[in-house]
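J.: Input file: run-v7.cif. Contents: mmCIF, C-alpha atoms.
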```
data_coords
loop_
_atom_site.label_atom_id
_atom_site.label_comp_id
_atom_site.auth_asym_id
_atom_site.auth_seq_id
_atom_site.Cartn_x
_atom_site.Cartn_y
_atom_site.Cartn_z
CA MET A 1 -1.02 -3.49 8.78
CA ARG A 2 -1.76 -4.15 12.45
CA TYR A 3 0.70 -4.39 15.30
CA ASP A 4 -0.75 -4.60 18.82
CA ASP A 5 -3.21 -1.67 18.88
CA LEU A 6 -1.50 0.11 15.96
CA THR A 7 -3.23 0.11 12.55
CA LEU A 8 -1.57 1.47 9.40
CA GLN A 9 -2.97 1.71 5.86
CA PHE A 10 -0.69 1.69 2.80
CA ASP A 11 -2.32 3.26 -0.27
CA ILE A 12 -5.97 4.16 -0.33
CA GLY A 13 -7.62 3.02 -3.54
CA ARG A 14 -11.19 2.20 -4.43
CA GLY A 15 -13.27 0.73 -1.62
CA THR A 16 -10.63 1.10 1.09
CA VAL A 17 -13.13 2.14 3.77
CA GLN A 18 -15.32 -0.87 3.02
CA ARG A 19 -12.33 -3.22 3.06
CA LEU A 20 -11.07 -1.81 6.36
CA THR A 21 -14.52 -2.26 7.84
CA GLY A 22 -14.54 -5.83 6.55
CA ALA A 23 -11.23 -6.34 8.34
CA ASP A 24 -12.91 -5.20 11.58
CA VAL A 25 -11.10 -1.85 11.68
CA TRP A 26 -12.97 1.03 13.34
CA ILE A 27 -11.92 3.84 11.00
CA PRO A 28 -11.23 6.47 13.71
CA ASP A 29 -8.77 4.01 15.28
CA LEU A 30 -6.56 4.17 12.20
CA ASP A 31 -3.17 5.60 13.20
CA ALA A 32 -1.76 6.72 9.84
CA ALA A 33 -2.08 6.32 6.08
CA PHE A 34 0.84 6.10 3.66
CA VAL A 35 0.86 7.03 -0.03
CA THR A 36 3.27 5.38 -2.46
CA HIS A 37 2.52 7.47 -5.58
CA HIS A 38 -0.15 9.57 -7.25
CA HIS A 39 -1.83 7.13 -9.65
CA SER A 40 -5.59 7.30 -9.16
CA ASP A 41 -6.09 3.63 -8.29
CA HIS A 42 -3.94 4.22 -5.21
CA LEU A 43 -5.61 7.46 -4.09
CA THR A 44 -9.29 7.60 -5.01
CA GLY A 45 -10.36 6.33 -1.59
CA LEU A 46 -8.38 8.87 0.42
CA ALA A 47 -11.06 11.59 0.65
CA ASP A 48 -13.55 8.92 1.70
CA LEU A 49 -11.14 7.71 4.37
CA VAL A 50 -10.49 11.20 5.80
CA LEU A 51 -14.17 12.16 5.81
CA THR A 52 -15.19 8.84 7.36
CA TYR A 53 -12.44 9.17 9.97
CA TRP A 54 -14.07 12.45 11.02
CA THR A 55 -17.76 11.56 10.74
CA MET A 56 -17.35 8.31 12.71
CA ASP A 57 -15.37 9.94 15.53
CA ARG A 58 -17.89 9.98 18.38
CA THR A 59 -15.52 11.89 20.68
CA ASP A 60 -15.14 14.91 18.38
CA ALA A 61 -11.64 15.11 19.82
CA ARG A 62 -9.31 13.04 17.66
CA PRO A 63 -6.53 14.90 15.86
CA PRO A 64 -6.47 14.77 12.06
CA LEU A 65 -5.36 11.50 10.49
CA PRO A 66 -1.62 11.59 9.67
CA ILE A 67 -1.04 11.05 5.95
CA VAL A 68 2.54 10.31 4.94
CA ALA A 69 3.40 11.07 1.32
CA PRO A 70 6.44 11.86 -0.83
CA THR A 71 7.05 15.38 -2.04
CA GLY A 72 5.64 16.03 -5.47
CA PRO A 73 2.27 15.10 -6.98
CA SER A 74 1.23 12.87 -4.06
CA ALA A 75 1.79 15.56 -1.44
CA ARG A 76 0.11 18.17 -3.64
CA TYR A 77 -2.94 15.96 -3.93
CA VAL A 78 -3.14 15.46 -0.17
CA ARG A 79 -3.04 19.22 0.40
CA THR A 80 -6.08 19.74 -1.81
CA LEU A 81 -7.90 16.60 -0.69
CA LEU A 82 -10.86 18.31 0.98
CA SER A 83 -11.41 20.93 -1.71
CA GLY A 84 -14.99 20.76 -2.89
CA TRP A 85 -16.30 19.12 0.30
CA HIS A 86 -16.98 22.32 2.25
CA ASP A 87 -20.78 22.23 1.90
CA ASP A 88 -21.01 18.57 2.87
CA ILE A 89 -18.74 19.10 5.88
CA GLU A 90 -20.62 22.16 7.13
CA VAL A 91 -24.10 20.66 6.90
CA ARG A 92 -22.91 17.55 8.76
CA ALA A 93 -21.09 19.60 11.40
CA ILE A 94 -24.04 21.91 12.07
CA HIS A 95 -26.58 19.11 12.11
CA ALA A 96 -24.50 17.00 14.51
CA GLY A 97 -23.30 19.90 16.64
CA ARG A 98 -19.69 19.12 15.80
CA LYS A 99 -17.00 21.49 17.00
CA THR A 100 -14.29 20.08 14.76
CA ARG A 101 -13.91 19.87 11.03
CA PRO A 102 -11.96 17.22 9.05
CA ALA A 103 -8.41 18.20 8.29
CA VAL A 104 -5.29 16.71 6.79
CA ASP A 105 -2.12 16.15 8.82
CA LEU A 106 0.33 15.85 5.93
CA ILE A 107 3.73 14.39 6.77
CA GLU A 108 5.76 15.10 3.67
CA PHE A 109 9.24 13.81 2.86
CA ALA A 110 11.64 14.17 -0.04
CA VAL A 111 12.02 11.03 -2.13
CA PRO A 112 15.24 9.55 -0.73
CA ASP A 113 18.21 8.01 -2.53
CA ARG A 114 18.36 5.41 0.22
CA PRO A 115 15.64 4.21 2.63
CA VAL A 116 14.99 6.69 5.44
CA GLU A 117 12.70 6.77 8.46
CA VAL A 118 9.53 8.77 7.75
CA TRP A 119 7.25 7.83 10.68
CA ARG A 120 7.60 6.27 14.10
CA HIS A 121 5.27 5.12 16.86
CA GLY A 122 7.05 3.66 19.86
CA ASP A 123 9.05 0.65 18.67
CA VAL A 124 7.42 0.64 15.23
CA VAL A 125 9.41 2.42 12.53
CA VAL A 126 8.24 3.06 8.97
CA SER A 127 10.90 3.81 6.37
CA ALA A 128 10.48 4.87 2.74
CA GLY A 129 12.66 4.20 -0.27
CA GLN A 130 12.45 5.20 -3.90
CA VAL A 131 11.18 2.60 -6.36
CA ARG A 132 11.06 2.63 -10.16
CA HIS A 133 7.60 3.42 -11.48
CA GLU A 134 8.49 5.96 -14.16
CA PRO A 135 6.87 8.04 -15.54
CA CYS A 136 5.95 8.57 -11.86
CA PRO A 137 9.44 9.33 -10.53
CA SER A 138 8.16 10.39 -7.10
CA SER A 139 7.17 6.80 -6.27
CA VAL A 140 8.20 5.04 -3.07
CA GLY A 141 7.83 1.77 -1.24
CA TYR A 142 7.63 1.41 2.53
CA ARG A 143 9.20 -0.82 5.13
CA VAL A 144 7.74 -1.44 8.61
CA ASP A 145 10.07 -2.66 11.33
CA THR A 146 8.65 -3.91 14.63
CA PRO A 147 10.15 -5.84 17.56
CA ASP A 148 8.44 -8.98 16.19
CA GLY A 149 9.28 -8.75 12.51
CA SER A 150 9.49 -6.61 9.41
CA VAL A 151 7.48 -6.08 6.24
CA ALA A 152 8.31 -4.28 3.00
CA ILE A 153 5.62 -3.02 0.61
CA THR A 154 6.81 -2.16 -2.87
CA GLY A 155 3.94 -0.04 -4.13
CA ASP A 156 4.01 0.05 -7.93
CA THR A 157 7.45 -0.55 -9.41
CA ARG A 158 9.61 -2.45 -11.82
CA VAL A 159 11.82 -5.11 -10.30
CA CYS A 160 14.86 -3.03 -9.38
CA ASP A 161 17.83 -2.76 -7.03
CA GLU A 162 15.96 -0.15 -4.98
CA VAL A 163 13.39 -2.74 -3.90
CA ALA A 164 16.16 -5.10 -2.79
CA GLN A 165 17.70 -2.27 -0.78
CA LEU A 166 14.42 -1.37 0.89
CA ALA A 167 13.48 -4.97 1.67
CA ALA A 168 16.86 -6.35 2.77
CA GLY A 169 16.33 -8.84 5.60
CA VAL A 170 12.54 -8.48 5.90
CA ASP A 171 10.29 -11.33 6.99
CA VAL A 172 7.58 -10.52 4.44
CA LEU A 173 7.85 -8.79 1.07
CA VAL A 174 4.57 -7.53 -0.43
CA TYR A 175 5.20 -7.14 -4.15
CA GLU A 176 2.97 -5.87 -6.93
CA ALA A 177 2.90 -8.49 -9.68
CA MET A 178 2.25 -8.50 -13.41
CA ARG A 179 2.38 -11.47 -15.75
CA PHE A 180 4.30 -9.99 -18.66
CA SER A 181 3.61 -13.18 -20.63
CA PHE A 182 -0.08 -12.28 -20.70
CA PHE A 183 0.57 -8.96 -22.41
CA GLU A 184 2.66 -10.57 -25.11
CA GLU A 185 -0.62 -11.99 -26.42
CA LEU A 186 -2.35 -8.59 -26.60
CA PRO A 187 -2.22 -5.87 -29.27
CA HIS A 188 0.90 -3.78 -29.03
CA GLY A 189 -1.02 -0.71 -27.77
CA ARG A 190 -1.28 -2.22 -24.27
CA HIS A 191 2.39 -3.13 -23.93
CA TYR A 192 3.27 0.22 -22.32
CA VAL A 193 2.06 -1.11 -18.94
CA LYS A 194 5.12 -3.36 -18.83
CA ASP A 195 7.32 -0.26 -18.60
CA TYR A 196 6.54 0.36 -14.94
CA HIS A 197 5.32 -2.86 -13.33
CA ALA A 198 7.02 -5.93 -11.87
CA ASP A 199 7.23 -9.13 -13.93
CA THR A 200 6.43 -12.32 -12.01
CA HIS A 201 9.48 -14.19 -13.26
CA LEU A 202 11.83 -11.36 -12.28
CA ILE A 203 10.11 -11.10 -8.89
CA GLY A 204 10.93 -14.77 -8.34
CA GLU A 205 14.56 -14.22 -9.29
CA GLN A 206 14.95 -11.24 -6.97
CA ALA A 207 13.11 -12.77 -4.00
CA ALA A 208 15.20 -15.94 -4.33
CA ALA A 209 18.44 -13.96 -4.41
CA MET A 210 17.34 -11.99 -1.34
CA GLY A 211 16.26 -15.08 0.59
CA VAL A 212 12.86 -13.57 1.47
CA PRO A 213 10.99 -16.04 3.73
CA THR A 214 7.47 -14.98 2.67
CA LEU A 215 6.50 -13.33 -0.60
CA VAL A 216 3.00 -11.89 -1.04
CA LEU A 217 1.77 -10.89 -4.50
CA THR A 218 -0.77 -8.07 -4.74
CA HIS A 219 -1.99 -5.55 -7.35
CA LEU A 220 -2.31 -8.56 -9.65
CA ILE A 221 -2.28 -7.88 -13.39
CA PRO A 222 -4.25 -9.43 -15.03
CA ALA A 223 -6.57 -10.00 -12.09
CA PRO A 224 -7.03 -13.77 -11.72
CA VAL A 225 -10.58 -15.13 -11.62
CA THR A 226 -10.06 -18.88 -11.57
CA ASP A 227 -7.71 -21.14 -9.59
CA SER A 228 -5.83 -21.94 -12.78
CA GLU A 229 -5.26 -18.24 -13.45
CA ARG A 230 -3.94 -17.79 -9.91
CA GLN A 231 -1.67 -20.77 -10.42
CA LEU A 232 -0.06 -19.02 -13.39
CA PHE A 233 1.27 -16.34 -10.99
CA VAL A 234 2.68 -19.07 -8.77
CA ASP A 235 4.25 -20.96 -11.66
CA GLU A 236 5.96 -17.89 -13.09
CA VAL A 237 7.38 -16.78 -9.71
CA ARG A 238 8.57 -20.33 -9.02
CA GLY A 239 10.05 -20.32 -12.50
CA GLY A 240 12.25 -17.45 -11.38
CA GLY A 241 13.69 -19.66 -8.67
CA TYR A 242 11.77 -18.60 -5.57
CA GLU A 243 11.14 -21.49 -3.16
CA GLY A 244 9.86 -19.72 -0.03
CA GLU A 245 6.29 -19.23 1.16
CA LEU A 246 4.31 -17.68 -1.69
CA ILE A 247 0.87 -16.09 -1.32
CA VAL A 248 -1.26 -14.75 -4.17
CA ALA A 249 -3.33 -12.35 -2.08
CA ASP A 250 -7.11 -12.02 -2.04
CA ASP A 251 -9.15 -9.26 -0.43
CA LEU A 252 -8.93 -9.38 3.38
CA ASP A 253 -6.21 -12.02 3.48
CA THR A 254 -3.93 -11.81 6.52
CA VAL A 255 -0.38 -13.00 7.13
CA ALA A 256 1.17 -13.42 10.57
CA VAL A 257 4.61 -11.81 10.88
CA GLY A 258 7.25 -13.01 13.32
CA ASP A 259 6.74 -14.70 16.66
CA GLY A 260 4.22 -12.13 17.84
CA GLY A 261 1.60 -13.35 15.37
CA HIS A 262 0.76 -9.86 14.14
CA ASP A 263 -1.29 -9.55 10.98
CA ILE A 264 -0.97 -7.77 7.70
CA GLY A 265 -4.28 -7.03 6.00
CA TYR A 266 -4.88 -6.54 2.29
CA ALA A 267 -7.46 -4.57 0.37
CA GLU A 268 -7.24 -5.38 -3.31
CA GLY A 269 -9.13 -3.60 -6.06
CA PRO A 270 -9.04 -2.71 -9.75
CA VAL A 271 -5.57 -1.72 -10.89
CA CYS A 272 -3.92 0.01 -13.79
#
```
Starting from the file, give its structure as structure tokens.
T.:
Amino acid sequence: MRYDDLTLQFDIGRGTVQRLTGADVWIPDLDAAFVTHHHSDHLTGLADLVLTYWTMDRTDARPPLPIVAPTGPSARYVRTLLSGWHDDIEVRAIHAGRKTRPAVDLIEFAVPDRPVEVWRHGDVVVSAGQVRHEPCPSSVGYRVDTPDGSVAITGDTRVCDEVAQLAAGVDVLVYEAMRFSFFEELPHGRHYVKDYHADTHLIGEQAAAMGVPTLVLTHLIPAPVTDSERQLFVDEVRGGGYEGELIVADDLDTVAVGDGGHDIGYAEGPVC
């Protein structure tokens, strides 16, 4: 997400550095990264991001990248992020005459019962709230409030009251989306994925009840390839009663938020 000269990244899955570059983000200008939970498809790009943040810093003076994560498996992973990279870091540092080494600035918070502020930069406030992605109980979504508008990002979750609490009154709700109807046609062994993801029809019901102006679907399961497959996501959300602006997100899509015309960027990838 971008606001004025502030750039924030929420989850760091496969190819995040490439997607940020494609969105014209100079990696050392990133202000903070936020982790929703510890599933690999949301974290495998984090070491790449931290190492790139350091190697591309021409000033050799930037502080470590702040990484905001909930207590539990996510925070433990962040603490050990650079394990195994010592030899690579040292040969690069010596060859380039670097005085600094990459480091992790972990900002850890307990998973809250109600949304709480976890990071602030001037007038921009990021809050976190628990969501329901069991068996990953330490899962959170985030909300960004700015003077020009607000955005909530669910992370991975079932449709639940906690999402409604986190996203109350936002301008844009970024929701992971799964077409449960698709999995009804598959062998029973794959049905477990419905236990911890958000059904499109239920998303439509919740977003309609909340009166969300703009709903953005990401983390699409199954990933649509054709226009007709994308339309199925639209039809099922509309079937839940949602009538607002609906976007089935592609890589590098942007959405303007509020009167200030600030953009949200997306980096989609394989999901599980």
J.: Figure out the distance between atom CA of A:Val172 and atom CA of A:Asp4, please, to one decimal in Å.
T.: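 Atom-to-atom, atom CA of A:Asp4 to atom CA of A:Val172, that is 17.6 Å.
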J.: Expand the PyMOL selection byres ((chain A and resi 218) around 6) into the individual residues it matches in the shown file, reporting them as a PyMOL selection string.
T.: chain A and resi 176+217+219-220+249
J.: Go through A:Asp48, A:Glu243, A:Asp235, A:Asp31 and flag the residue nearest A:Trp119, using all atoms listed in the file for the distances.
T.: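 Looking at the shortest contact to A:Trp119, the residue is A:Asp31.
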J.: Given all atoms listed in the file as the basis, pick out the residue of A:Ala47, A:Pro147, A:Gly211, A:Gly241 nearest to A:Trp85.
T.: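 When distances to A:Trp85 are compared using all atoms listed in the file, the smallest one comes from A:Ala47.
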J.: Do you know which residues the PyMOL selection byres ((chain A and resi 204) around 12) returns on this file, as a PyMOL selection string?
T.: chain A and resi 159+173+175+177-179+198-203+205-212+214-217+233-246
J.: Run through the PyMOL selection byres ((chain A and resi 113) around 9) on the given coordinates and return the selected residues as a PyMOL selection string.
T.: chain A and resi 111-112+114-116+129-130+162
J.: Measuring between all atoms listed in the file, which one of A:Arg132, A:Asp250, A:Val193, A:Val68 shows the shortest distance to A:Ala164?
T.: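 Distance minimum relative to A:Ala164 lands on A:Arg132.
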J.: Neighbourhood query: residues within 9 Å of (-11.7, -13.2, 8.3), file coordinates, counting all atoms listed in the file; return as number ranges by chain.
T.: A: 22-24, 252-254
J.: How many Å separate atom CA of A:Asp156 from atom CA of A:Thr44?
T.: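 Distance between the two atoms: 15.6 Å.
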J.: Report the distance between atom CA of A:Glu229 and atom CA of A:His42 in Å, rounded to one decimal place.
T.: 24.0 Å
J.: Would you list the contacts of stretch 13-21 of chain A as number ranges by chain, taking every protein, DNA or RNA residue within 7 Å and counting only C-alpha atoms, but skipping same-chain residues closer than 4 positions in sequence?
T.: A: 25-26, 41-45, 49, 267, 269
J.: Counting all atoms listed in the file, figure out which residue out of A:Val126, A:Asp87, A:Met1, A:Gln231 gets nearest to A:Val257.
T.: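 With all atoms listed in the file as the atom set, the closest residue is A:Met1.
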J.: Output, as JSON, the centre and edge lengths in Å (one decimal) of the axis-aligned box that contains all listed atoms of stretch 113-123 of chain A with 8 Å of margin on each side.
T.:
```
{"center_x": 11.8, "center_y": 4.7, "center_z": 8.7, "size_x": 29.1, "size_y": 24.1, "size_z": 38.4}
```
J.: So which one's closest to A:Pro102, A:Tyr53, A:Val144, A:Ser138, A:Ser127? Using only C-alpha atoms, please.
T.: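 Among the listed residues, A:Tyr53 lies closest to A:Pro102.
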J.: Take stretch 142-172 of chain A, bring it up to N, CA and C atoms, and give me the output as a PDB file, in the frame of the given file.
T.:
```
ATOM      1  N   TYR A 142       7.477   1.216   1.082  1.00  0.00           N
ATOM      2  CA  TYR A 142       7.630   1.410   2.530  1.00  0.00           C
ATOM      3  C   TYR A 142       8.096   0.115   3.198  1.00  0.00           C
ATOM      4  N   ARG A 143       8.752   0.292   4.303  1.00  0.00           N
ATOM      5  CA  ARG A 143       9.200  -0.820   5.130  1.00  0.00           C
ATOM      6  C   ARG A 143       8.767  -0.540   6.568  1.00  0.00           C
ATOM      7  N   VAL A 144       8.188  -1.560   7.222  1.00  0.00           N
ATOM      8  CA  VAL A 144       7.740  -1.440   8.610  1.00  0.00           C
ATOM      9  C   VAL A 144       8.573  -2.401   9.446  1.00  0.00           C
ATOM     10  N   ASP A 145       9.285  -1.855  10.411  1.00  0.00           N
ATOM     11  CA  ASP A 145      10.070  -2.660  11.330  1.00  0.00           C
ATOM     12  C   ASP A 145       9.456  -2.610  12.721  1.00  0.00           C
ATOM     13  N   THR A 146       9.202  -3.786  13.286  1.00  0.00           N
ATOM     14  CA  THR A 146       8.650  -3.910  14.630  1.00  0.00           C
ATOM     15  C   THR A 146       9.533  -4.838  15.443  1.00  0.00           C
ATOM     16  N   PRO A 147       9.359  -4.893  16.762  1.00  0.00           N
ATOM     17  CA  PRO A 147      10.150  -5.840  17.560  1.00  0.00           C
ATOM     18  C   PRO A 147       9.900  -7.302  17.196  1.00  0.00           C
ATOM     19  N   ASP A 148       8.788  -7.595  16.508  1.00  0.00           N
ATOM     20  CA  ASP A 148       8.440  -8.980  16.190  1.00  0.00           C
ATOM     21  C   ASP A 148       8.650  -9.349  14.732  1.00  0.00           C
ATOM     22  N   GLY A 149       9.082  -8.430  13.911  1.00  0.00           N
ATOM     23  CA  GLY A 149       9.280  -8.750  12.510  1.00  0.00           C
ATOM     24  C   GLY A 149       9.211  -7.519  11.635  1.00  0.00           C
ATOM     25  N   SER A 150       9.441  -7.727  10.344  1.00  0.00           N
ATOM     26  CA  SER A 150       9.490  -6.610   9.410  1.00  0.00           C
ATOM     27  C   SER A 150       8.789  -6.970   8.109  1.00  0.00           C
ATOM     28  N   VAL A 151       8.233  -5.932   7.477  1.00  0.00           N
ATOM     29  CA  VAL A 151       7.480  -6.080   6.240  1.00  0.00           C
ATOM     30  C   VAL A 151       7.897  -4.964   5.293  1.00  0.00           C
ATOM     31  N   ALA A 152       8.087  -5.299   4.020  1.00  0.00           N
ATOM     32  CA  ALA A 152       8.310  -4.280   3.000  1.00  0.00           C
ATOM     33  C   ALA A 152       7.169  -4.330   1.991  1.00  0.00           C
ATOM     34  N   ILE A 153       6.730  -3.157   1.555  1.00  0.00           N
ATOM     35  CA  ILE A 153       5.620  -3.020   0.610  1.00  0.00           C
ATOM     36  C   ILE A 153       6.133  -2.210  -0.571  1.00  0.00           C
ATOM     37  N   THR A 154       6.144  -2.806  -1.744  1.00  0.00           N
ATOM     38  CA  THR A 154       6.810  -2.160  -2.870  1.00  0.00           C
ATOM     39  C   THR A 154       6.038  -0.976  -3.431  1.00  0.00           C
ATOM     40  N   GLY A 155       4.698  -0.951  -3.291  1.00  0.00           N
ATOM     41  CA  GLY A 155       3.940  -0.040  -4.130  1.00  0.00           C
ATOM     42  C   GLY A 155       4.105  -0.488  -5.570  1.00  0.00           C
ATOM     43  N   ASP A 156       3.850   0.395  -6.518  1.00  0.00           N
ATOM     44  CA  ASP A 156       4.010   0.050  -7.930  1.00  0.00           C
ATOM     45  C   ASP A 156       5.461   0.295  -8.351  1.00  0.00           C
ATOM     46  N   THR A 157       6.049  -0.670  -9.035  1.00  0.00           N
ATOM     47  CA  THR A 157       7.450  -0.550  -9.410  1.00  0.00           C
ATOM     48  C   THR A 157       7.841  -1.615 -10.409  1.00  0.00           C
ATOM     49  N   ARG A 158       8.907  -1.370 -11.133  1.00  0.00           N
ATOM     50  CA  ARG A 158       9.610  -2.450 -11.820  1.00  0.00           C
ATOM     51  C   ARG A 158      10.433  -3.222 -10.788  1.00  0.00           C
ATOM     52  N   VAL A 159      10.830  -4.421 -11.121  1.00  0.00           N
ATOM     53  CA  VAL A 159      11.820  -5.110 -10.300  1.00  0.00           C
ATOM     54  C   VAL A 159      13.128  -4.334 -10.446  1.00  0.00           C
ATOM     55  N   CYS A 160      13.701  -3.911  -9.324  1.00  0.00           N
ATOM     56  CA  CYS A 160      14.860  -3.030  -9.380  1.00  0.00           C
ATOM     57  C   CYS A 160      15.698  -3.177  -8.122  1.00  0.00           C
ATOM     58  N   ASP A 161      16.918  -2.682  -8.182  1.00  0.00           N
ATOM     59  CA  ASP A 161      17.830  -2.760  -7.030  1.00  0.00           C
ATOM     60  C   ASP A 161      17.276  -1.995  -5.839  1.00  0.00           C
ATOM     61  N   GLU A 162      16.509  -0.948  -6.080  1.00  0.00           N
ATOM     62  CA  GLU A 162      15.960  -0.150  -4.980  1.00  0.00           C
ATOM     63  C   GLU A 162      15.024  -0.973  -4.099  1.00  0.00           C
ATOM     64  N   VAL A 163      14.252  -1.878  -4.697  1.00  0.00           N
ATOM     65  CA  VAL A 163      13.390  -2.740  -3.900  1.00  0.00           C
ATOM     66  C   VAL A 163      14.230  -3.653  -3.020  1.00  0.00           C
ATOM     67  N   ALA A 164      15.291  -4.225  -3.576  1.00  0.00           N
ATOM     68  CA  ALA A 164      16.160  -5.100  -2.790  1.00  0.00           C
ATOM     69  C   ALA A 164      16.783  -4.339  -1.628  1.00  0.00           C
ATOM     70  N   GLN A 165      17.127  -3.088  -1.843  1.00  0.00           N
ATOM     71  CA  GLN A 165      17.700  -2.270  -0.780  1.00  0.00           C
ATOM     72  C   GLN A 165      16.688  -2.004   0.313  1.00  0.00           C
ATOM     73  N   LEU A 166      15.468  -1.660  -0.082  1.00  0.00           N
ATOM     74  CA  LEU A 166      14.420  -1.370   0.890  1.00  0.00           C
ATOM     75  C   LEU A 166      14.046  -2.601   1.700  1.00  0.00           C
ATOM     76  N   ALA A 167      14.027  -3.752   1.056  1.00  0.00           N
ATOM     77  CA  ALA A 167      13.480  -4.970   1.670  1.00  0.00           C
ATOM     78  C   ALA A 167      14.550  -5.905   2.227  1.00  0.00           C
ATOM     79  N   ALA A 168      15.785  -5.476   2.299  1.00  0.00           N
ATOM     80  CA  ALA A 168      16.860  -6.350   2.770  1.00  0.00           C
ATOM     81  C   ALA A 168      16.543  -6.889   4.174  1.00  0.00           C
ATOM     82  N   GLY A 169      16.499  -8.214   4.306  1.00  0.00           N
ATOM     83  CA  GLY A 169      16.330  -8.840   5.600  1.00  0.00           C
ATOM     84  C   GLY A 169      14.922  -8.869   6.157  1.00  0.00           C
ATOM     85  N   VAL A 170      13.911  -8.503   5.367  1.00  0.00           N
ATOM     86  CA  VAL A 170      12.540  -8.480   5.900  1.00  0.00           C
ATOM     87  C   VAL A 170      11.993  -9.908   6.012  1.00  0.00           C
ATOM     88  N   ASP A 171      10.979 -10.046   6.855  1.00  0.00           N
ATOM     89  CA  ASP A 171      10.290 -11.330   6.990  1.00  0.00           C
ATOM     90  C   ASP A 171       9.265 -11.544   5.887  1.00  0.00           C
ATOM     91  N   VAL A 172       8.616 -10.448   5.466  1.00  0.00           N
ATOM     92  CA  VAL A 172       7.580 -10.520   4.440  1.00  0.00           C
ATOM     93  C   VAL A 172       7.812  -9.410   3.423  1.00  0.00           C
TER      94      VAL A 172
END
```
